[in-house]
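The next block holds one structure in the form of structure tokens; read it before the comments.
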Amino acid sequence: MIKKILSYYKVPLMLSLTLGIIILAMSMARSPFEIAEVFLGVIMGTFILDSEYILYSYIFEPNTDFAKSIFAYIKSKDFGGVIGFINEHKDEVKEKSLNSILFQVVLIFVVVFVSYTRTSYFIKAFVLSIFANSIYKLIECFLDGDTKDWFWAIKGTPKRESVLLLIIALVAVLGLALYFV
């Protein structure tokens with residue numbers, strides 16, 4: 001199971017661990033508890049975007065074949081199988097709420113708020129990890145040439161140049177948030 005998780009989440013985990021090191025370097029976290037908070041936050045933030053598929057199965061469309069397969073894997077406690085199934089069949093789910101521009105817009109405000117306030121290092125690392133992985137997923141969609149599902153909530157799909165400008169703006173927000181951590 002660990003091998004399957006690492007094969008699917010190699011890049012997001014490396015991104016999150018790098019983000020954790022940057023947070024530690026930019027902040028005043030020095031105690032072992034604070035360091036553990038940062039790394040626990042970035043690791044948990046890595047998997048939040050894919051938890052949407054499980055929520056989708058239980059809440060929105062419990063009668064689809066996708067949901068029935070998820071239920072079967074969870075019932076048999078085959079969590080590696082759940083992760084493999086989600087990553088192989090994630091294109092079957094349309095109108096994702098966490099993997100969309102709407103979530104990123106809301107997340108921008110949360111990221112700015114969290115980076116300026118004196119919250120725990122866990123919350124900061126968790127939110128920044130979700131945001132960084134959201135940007136990564138958008139870049140994946142951009143490189144695959146399939147950003148239509150990312151912008152399902154707005155009328156029409158933006159041009160490639162507009163999506164590229166959005167990615168640059170999101171990375172700038174992430175950099176600014178890291179500066180103020």
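Simple scheme: letters A, B, ... for chains in structure tokens order, numbers from 1 for residues in each chain, numbers from 1 for ligands in the order shown.
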Using 8 Å as the limit and counting only C-alpha atoms, can you tabulate each residue of segment 4-82 of chain A that touches segment 111-134 of chain A, with its shortest atom-to-atom distance in Å and the two atoms involved, as a tab-separated table?
```
residue	atom	partner	partner_atom	distance
A:Pro12	CA	A:Asn133	CA	6.3
A:Leu15	CA	A:Asn133	CA	7.5
A:Ser16	CA	A:Ser129	CA	5.7
A:Leu19	CA	A:Ser129	CA	7.0
A:Gly20	CA	A:Ala125	CA	6.7
A:Ile23	CA	A:Ala125	CA	7.2
A:Ala29	CA	A:Tyr121	CA	7.7
A:Glu34	CA	A:Tyr121	CA	6.4
A:Glu37	CA	A:Phe122	CA	4.6
A:Val38	CA	A:Phe122	CA	5.1
A:Phe39	CA	A:Ala125	CA	7.5
A:Leu40	CA	A:Phe122	CA	6.9
A:Gly41	CA	A:Phe126	CA	4.1
A:Val42	CA	A:Ser129	CA	5.1
A:Ile43	CA	A:Phe126	CA	7.7
A:Met44	CA	A:Phe126	CA	6.6
A:Gly45	CA	A:Ile130	CA	4.8
A:Thr46	CA	A:Ile130	CA	6.2
A:Ile48	CA	A:Ile130	CA	6.9
A:Leu49	CA	A:Ile130	CA	7.2
```
For Leu138 of chain A, find every residue with an atom within 8 Å (counting only C-alpha atoms), except residues of its own chain fewer than 4 positions away, and show them as a ChimeraX atom specification.
/A:99,134,142,147,150,167
Within 10 Å of segment 74-91 of chain A, counting only C-alpha atoms, which residues show up once you throw out same-chain ones fewer than 5 positions away? Write them as a PDB file with C-alpha atoms, in the first residue's frame, please.
```
ATOM      1  CA  MET A   1       0.000   0.000   0.000  1.00  0.00           C
ATOM      2  CA  ILE A   2       2.805   2.444   0.868  1.00  0.00           C
ATOM      3  CA  LYS A   3       4.473   1.703  -2.467  1.00  0.00           C
ATOM      4  CA  LYS A   4       1.242   2.491  -4.341  1.00  0.00           C
ATOM      5  CA  ILE A   5       0.772   5.755  -2.409  1.00  0.00           C
ATOM      6  CA  SER A   7       3.972   5.939  -6.854  1.00  0.00           C
ATOM      7  CA  TYR A   8       0.897   8.151  -7.276  1.00  0.00           C
ATOM      8  CA  TYR A   9       1.893  10.949  -4.901  1.00  0.00           C
ATOM      9  CA  ASP A  50      -8.110  13.734  -3.536  1.00  0.00           C
ATOM     10  CA  SER A  51     -10.425  13.212  -0.569  1.00  0.00           C
ATOM     11  CA  TYR A  53     -13.528  11.725  -4.693  1.00  0.00           C
ATOM     12  CA  ILE A  54     -14.524   9.844  -1.555  1.00  0.00           C
ATOM     13  CA  PHE A  66     -17.451   4.966  -9.493  1.00  0.00           C
ATOM     14  CA  LYS A  68     -19.820   1.580  -5.800  1.00  0.00           C
ATOM     15  CA  SER A  69     -16.209   0.703  -6.567  1.00  0.00           C
ATOM     16  CA  LYS A  96     -15.121  18.734  -8.887  1.00  0.00           C
ATOM     17  CA  ASP A 149     -12.954  20.618 -16.000  1.00  0.00           C
TER      18      ASP A 149
END
```
Where does DSSP see helix (DSSP H, G or I) in segment 85-168 of chain A, if you list the residues as a PyMOL selection string?
chain A and resi 85-92+101-116+121-144+160-168
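Residue nearest Glu61 of chain A within the list A:Ile139, A:Val93, A:Leu24, A:Leu107: A:Val93 [criterion: smallest interatomic distance, only C-alpha atoms].
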Val173 of chain A environment, 9 Å, only C-alpha atoms, sequence neighbours closer than 4 positions dropped, as a short mmCIF file (atom, residue, chain, number, x, y, z; two decimals) with N, CA, C and O atoms, in the first residue's frame:
```
data_model
loop_
_atom_site.label_atom_id
_atom_site.label_comp_id
_atom_site.auth_asym_id
_atom_site.auth_seq_id
_atom_site.Cartn_x
_atom_site.Cartn_y
_atom_site.Cartn_z
N ILE A 108 -7.24 31.44 -1.92
CA ILE A 108 -6.35 32.60 -1.94
C ILE A 108 -6.58 33.46 -0.70
O ILE A 108 -5.64 33.86 -0.01
N VAL A 111 -5.35 31.62 2.39
CA VAL A 111 -3.88 31.60 2.43
C VAL A 111 -3.34 32.95 2.91
O VAL A 111 -2.46 33.01 3.77
N VAL A 112 -3.88 34.02 2.36
CA VAL A 112 -3.42 35.36 2.77
C VAL A 112 -3.73 35.59 4.24
O VAL A 112 -2.89 36.08 5.00
N ILE A 168 0.75 31.89 -12.95
CA ILE A 168 1.81 32.80 -12.48
C ILE A 168 1.32 33.62 -11.29
O ILE A 168 2.04 33.79 -10.29
N ALA A 169 0.07 34.10 -11.35
CA ALA A 169 -0.50 34.87 -10.24
C ALA A 169 -0.63 34.01 -8.98
O ALA A 169 -0.34 34.47 -7.87
N ALA A 177 2.79 34.64 0.41
CA ALA A 177 2.35 34.02 1.66
C ALA A 177 3.53 33.39 2.40
O ALA A 177 3.61 33.50 3.63
N LEU A 178 4.43 32.76 1.67
CA LEU A 178 5.60 32.16 2.30
C LEU A 178 6.52 33.23 2.89
O LEU A 178 7.16 33.02 3.92
#
```
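The residue that comes closest to Met14 of chain A, out of A:Arg30, A:Tyr136, A:Ala72, A:Tyr58 and on the basis of only C-alpha atoms, is A:Tyr136.
A straight line drawn from atom CA of Glu161 of chain A to atom CA of Glu140 of chain A is 15.3 Å long.
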